[in-house]
Amino acid sequence: MKDVMDERLLKPYNPKEHEDALYETWQKSGFFTPEKTGSEDGPRFSIVLPPPNVTGTLHIGHAAMLAIEDSIVRYKRMRGHKTLWVPGTDHAAIATQSRVEADIYKKEKKTRHDFEREVFLKQVETFAQESHDTIVNQIKKMGASVDWSREAFTLDEKRGRAVNTAFKKMYDDGLIYRGARIVNWDPKLQTTVSDDEIEWQEETAPFYYLTYGPFTIGTSRPETKFGDKYVVMHPDDARYAKYKDGQKIELEWINGPITATIVKDSAIDMTFGTGVMTITPWHDTTDFEIAERHDLDKEQIIDERGILLPVAGEFAGQHIKKARPLIVEKLKEKGLLEKVDEKYVHNIAINSRGGGVIEPQIKKQWFVAVDKEFTLPRSSIEGISSGATTTLKRLMRHVVESKQIQIIPDRFEKIYFNWINNLHDWCVSRQIWYGHRIPVWYKDSQIHAGETPKESGWTQDPDTLDTWFSSGLWTFSTLGWPDTENADFKMFHPTSLLETGYDIIFFWVARMILMSGYLLGDVPFKTVYLHGLVRDAKGRKMSKSLGNTINPLDMIEKYGADATRLSLLIGAPAGNDISLSEDKIRGYKHFANKIWNAARFVLSNTNSMSINAAPALSEIDARTLSEFETFTKEITADIEAYRLHLASEKLYHYFWHTFADVIIEQTKPRLKDDANGQDKISAQYTLLYIFTDCIIMLHPFAPFVTEAVWSVMPGTKNLLIAAPWPDTKPITS
RNA sequence: GGGCGGUUAGCUCAGUUGGUAGAGCGUUCGCUUGACGUGCGAAAGGCCACAGGUUCGAAUCCUGUAUCGCCCACCA
């Protein structure tokens, strides 16, 4: 028997001997492209790869994402769908730039302002290119069957055209406006960041009670208080009933006597402190809103680098950090400091993109208006007809509410709605250099948006766009938009599925819904599958500082891509965080070997067998095959419902503990040379039949070992990647 | 302050529509069985957080409690 076996099968399965070559074979075969899959008028399946940031390398969370998406894509392809999976990378503007800035500062003690804009950008681009190359290699190592011929980058020329087109249209519709509003300013990176990019950290800091005329006010930031000339209290607060809104009072303040104005506003929490506060509209969001409501003056106290302005009098020119104790000292000397609570706990805002402590500032920025009405000229969205008037917020809510977009697991719909209800206008301008330059030019008091003006004298806005502006267009900018006649766009949009981590539902998923709702009058995808975070074996978040990270490339090197994929799929239902240990991955390496060894047994015992026509079956085999048919349907149903964690685990369990432990063992005596001829044939047929379909069904989850087995099976001409899924075939004759 | 999720074997976690509990790793004992010692056979180990309720029947549905965690908002 052994002389006719493929000699590769005689050794244990070694992933390294097969994986790169198989990937190469797949790629050359063309099956990664829709041109080679499905049929023109048949079902289609399209999905975009959430573009990884070009900030370095892929982590295990990316590996989980690739494993899930590739399993689904391979399944759809085998089901005969015309299948497209678009790969790409994200320039991740601020994250990438701050990473490069940090590197440069470490090496040369220089900031980006020590370089010309273009010179600095060249360095960022070089770094981005290197990251890109690493990432592409990692995606391939995972076995992801993406269509490389359609690879995109959020900052390439085509995506730039999409961004400018989108911006211009929104500007013309009045949905993008420029306004002086309070924004999250990062003094370290010298840029604004969006609300979603802020992380709150608990901090214990002194809390000062200050005498402000007849009142006592509390603050943790005395350095902002110089310009405070409005004192605010709740209109229903009986303690302060004798003071009237608009009333003026004279009082002694940090740098001398001032006139303060009483303001009554219900934003005040009567139970907090004394129920009275002064406001600093330039440097606090709540204060800004109060000032807007009452049309109060706003004065800047601190500049963009954190330096006190002339309003601070003798403290002008000092950094707020250094000035604070001095200011407190002066307040004490003047008898204005009543007491200090040293153990006051509050939250401070940090720029999560590698930046510093947020200092709110009023700045002229570009915003996307989410509550402004506009007319949607063409709509494919049910419940919103062409020509209807709506707002971005209503649009975003409607498509999910009406189930035109289904979110899996559905509990995230609530989280999504909750976010929309709290949504403010989206600040899209950033004072960084790496990214899409805002397509707006100024000349005297004129403003021009869209294309570069032909005449001279125009100056382009120096800012760039929030990186999520370009990623919001991703499902259609990758398919040729703004050319709506593009074949890919017509064939594949809206996309079938969006698969991504629940942590970017707001950043990205919501923004894609916004952008395609507005620009196309359509949904960007029909289903959203959200996966969780990959945590360590103890359920802790993986981080470099904890030293508990698992590098996917190391795991592939040690245990193979199939084992790595299975460890990230099995036991990982949608929306749940998963714990991963190296032991788990090792366990699935054993499974790959088990498949390999089973192949050796099956093939050496059924060599010339064909499963195209069933022989007369013994009773036991008919029953086994019938049970297998039920199993096949169950697996198919699980995958269709995106229960990949169940489908993969059931396949694992069936293959090992039913097929290998029971069916193979039960078959052994029946395969002996002196066994009954008819029964032997029946047993051989059953073995080969179930084995073949198991290999097919395991392929989406463990593509390498299954394709390797397939290649040594007699009678398999085509690649497994393109083999038809078994659920439609008749099982018994 | 608002919302969401977890609480199941020693550890980390599955359990799709309610029908007397499963995986990986770990533990114990045995096995040169002709696919596989990356294996095979066997075993130990869980009143499915707690208390009520619905039901013929609940880990699974409802109510409450405890506890851990996450998200959002952000109070000077």
# chains A, B, ... in the order shown; residues from 1 in each chain; ligands from 1
$ closest_atom_pairs --of "chain B" --to "chain A" --cutoff "7 Å" --atoms "only C-alpha atoms (C1' of nucleotides)" --output "JSON lines"
{"residue": "B:U12", "atom": "C1'", "partner": "A:Ala537", "partner_atom": "CA", "distance": 5.7}
{"residue": "B:C13", "atom": "C1'", "partner": "A:Gly571", "partner_atom": "CA", "distance": 6.6}
{"residue": "B:A14", "atom": "C1'", "partner": "A:Gly571", "partner_atom": "CA", "distance": 5.1}
{"residue": "B:G24", "atom": "C1'", "partner": "A:Lys584", "partner_atom": "CA", "distance": 5.5}
{"residue": "B:C25", "atom": "C1'", "partner": "A:Asp583", "partner_atom": "CA", "distance": 5.9}
{"residue": "B:A35", "atom": "C1'", "partner": "A:Phe601", "partner_atom": "CA", "distance": 4.1}
{"residue": "B:C36", "atom": "C1'", "partner": "A:Asn597", "partner_atom": "CA", "distance": 5.1}
{"residue": "B:U38", "atom": "C1'", "partner": "A:His590", "partner_atom": "CA", "distance": 4.6}
{"residue": "B:C75", "atom": "C1'", "partner": "A:Phe272", "partner_atom": "CA", "distance": 6.6}
{"residue": "B:A76", "atom": "C1'", "partner": "A:Met277", "partner_atom": "CA", "distance": 5.4}
$ atom_distance --atom1 "atom CA of Ala260 of chain A" --atom2 "atom CA of Tyr208 of chain A"
19.7 Å
$ residues_around --residues "A51 of chain B" --least-positions-apart "2" --cutoff "12 Å" --atoms "only C-alpha atoms (C1' of nucleotides)" --output "list in words"
A49, G53, U63, G64, U65 and A66 of chain B
$ residues_around --residues "Lys321 of chain A" --least-positions-apart "4" --cutoff "9 Å" --atoms "only C-alpha atoms (C1' of nucleotides)" --output "ChimeraX atom specification"
/A:223,306,325
$ write_last_selection --atoms "C-alpha atoms" --output "short mmCIF file (atom, residue, chain, number, x, y, z; two decimals), in the first residue's frame"
data_model
loop_
_atom_site.label_atom_id
_atom_site.label_comp_id
_atom_site.auth_asym_id
_atom_site.auth_seq_id
_atom_site.Cartn_x
_atom_site.Cartn_y
_atom_site.Cartn_z
CA GLU A 223 -4.80 78.56 36.97
CA GLY A 306 -0.18 75.60 27.99
CA PRO A 325 1.34 76.47 43.17
#
$ atom_distance --atom1 "atom CA of Leu719 of chain A" --atom2 "atom CA of Ala64 of chain A"
24.9 Å
$ closest_residue --among "A:Ser470, A:Asn164, A:Gln27, A:Thr459" --to "Ala144 of chain A" --atoms "only C-alpha atoms"
A:Gln27
$ select_by_dssp --residues "segment 85-299 of chain A" --states "helix (DSSP H, G or I)" --output "PyMOL selection string"
chain A and resi 93-108+112-114+117-141+148-150+157-172+195-197+222-224+238-240+285-294
$ residues_around --residues "Ser379 of chain A" --least-positions-apart "4" --cutoff "7 Å" --atoms "only C-alpha atoms (C1' of nucleotides)" --output "ChimeraX atom specification"
/A:384-386,521-522
$ write_last_selection --atoms "C-alpha atoms" --output "PDB file, in the first residue's frame"
ATOM      1  CA  ILE A 384     -36.607  57.191   3.479  1.00  0.00           C
ATOM      2  CA  SER A 385     -37.740  58.035  -0.013  1.00  0.00           C
ATOM      3  CA  SER A 386     -35.711  59.833  -2.651  1.00  0.00           C
ATOM      4  CA  GLY A 521     -28.577  56.957   0.033  1.00  0.00           C
ATOM      5  CA  ASP A 522     -27.776  53.386   0.933  1.00  0.00           C
TER       6      ASP A 522
END
$ residues_around --residues "Trp282 of chain A" --least-positions-apart "5" --cutoff "7 Å" --atoms "only C-alpha atoms (C1' of nucleotides)" --output "ChimeraX atom specification"
/A:288,298-300,361-362
$ write_last_selection --atoms "N, CA and C atoms" --output "compact mmCIF listing (two decimals), in the first residue's frame"
# COMPACT_ATOMS: atom_id res chain seq x y z
N PHE A 288 -18.47 76.48 28.31
CA PHE A 288 -18.68 77.01 26.96
C PHE A 288 -20.16 76.98 26.61
N LYS A 298 -16.24 85.31 26.07
CA LYS A 298 -15.34 84.18 26.27
C LYS A 298 -13.92 84.71 26.11
N GLU A 299 -13.10 84.36 27.04
CA GLU A 299 -11.74 84.87 26.99
C GLU A 299 -10.74 83.73 27.12
N GLN A 300 -9.71 83.79 26.30
CA GLN A 300 -8.67 82.75 26.36
C GLN A 300 -7.69 83.07 27.49
N GLN A 361 -10.01 74.09 24.27
CA GLN A 361 -9.74 75.41 23.72
C GLN A 361 -10.85 75.73 22.73
N ILE A 362 -11.12 77.02 22.56
CA ILE A 362 -12.02 77.42 21.49
C ILE A 362 -11.17 77.63 20.25
$ select_by_dssp --residues "segment 285-427 of chain A" --states "strand (DSSP E or B)" --output "PyMOL selection string"
chain A and resi 302+307-308+319+337-351+357+359-368+374-376+388-390+406-408+426-427
$ residues_around --residues "Thr261 of chain A" --least-positions-apart "4" --cutoff "8 Å" --atoms "only C-alpha atoms (C1' of nucleotides)" --output "list of chain:residue names"
A:Lys229, A:Tyr230, A:Val231, A:Asp245, A:Gly246, A:Gln247, A:Lys248, A:Ile249
$ decode --residues "segment 514-526 of chain A" --atoms "N, CA, C and O atoms" --output "CSV table (one decimal), in the first residue's frame"
chain,number,residue,atom,x,y,z
A,514,LEU,N,-23.0,56.6,8.3
A,514,LEU,CA,-23.2,58.0,8.1
A,514,LEU,C,-22.9,58.4,6.6
A,514,LEU,O,-23.7,59.0,5.9
A,515,MET,N,-21.6,58.0,6.3
A,515,MET,CA,-21.1,58.4,4.9
A,515,MET,C,-21.9,57.8,3.8
A,515,MET,O,-22.3,58.5,2.8
A,516,SER,N,-22.2,56.5,3.9
A,516,SER,CA,-22.9,55.9,2.7
A,516,SER,C,-24.4,56.3,2.7
A,516,SER,O,-25.0,56.4,1.7
A,517,GLY,N,-24.9,56.5,3.9
A,517,GLY,CA,-26.3,57.0,4.0
A,517,GLY,C,-26.4,58.3,3.3
A,517,GLY,O,-27.3,58.5,2.4
A,518,TYR,N,-25.5,59.2,3.6
A,518,TYR,CA,-25.5,60.5,3.0
A,518,TYR,C,-25.1,60.6,1.5
A,518,TYR,O,-25.8,61.1,0.7
A,519,LEU,N,-24.0,59.9,1.2
A,519,LEU,CA,-23.4,60.1,-0.2
A,519,LEU,C,-24.1,59.2,-1.2
A,519,LEU,O,-24.2,59.5,-2.4
A,520,LEU,N,-24.6,58.0,-0.7
A,520,LEU,CA,-25.2,57.0,-1.7
A,520,LEU,C,-26.7,56.8,-1.4
A,520,LEU,O,-27.4,56.2,-2.2
A,521,GLY,N,-27.2,57.3,-0.3
A,521,GLY,CA,-28.6,57.0,0.0
A,521,GLY,C,-28.7,55.5,0.2
A,521,GLY,O,-29.7,54.9,-0.2
A,522,ASP,N,-27.8,54.8,0.8
A,522,ASP,CA,-27.8,53.4,0.9
A,522,ASP,C,-27.0,53.0,2.2
A,522,ASP,O,-26.3,53.8,2.8
A,523,VAL,N,-27.2,51.7,2.5
A,523,VAL,CA,-26.4,51.2,3.6
A,523,VAL,C,-25.0,50.7,3.1
A,523,VAL,O,-24.9,50.4,1.9
A,524,PRO,N,-24.0,50.8,3.9
A,524,PRO,CA,-22.7,50.3,3.5
A,524,PRO,C,-22.5,48.8,3.5
A,524,PRO,O,-21.7,48.2,2.8
A,525,PHE,N,-23.4,48.1,4.4
A,525,PHE,CA,-23.3,46.7,4.5
A,525,PHE,C,-24.6,46.2,5.1
A,525,PHE,O,-25.3,47.0,5.7
A,526,LYS,N,-24.9,45.0,5.0
A,526,LYS,CA,-26.2,44.5,5.5
A,526,LYS,C,-26.1,43.9,6.9
A,526,LYS,O,-27.1,43.9,7.6
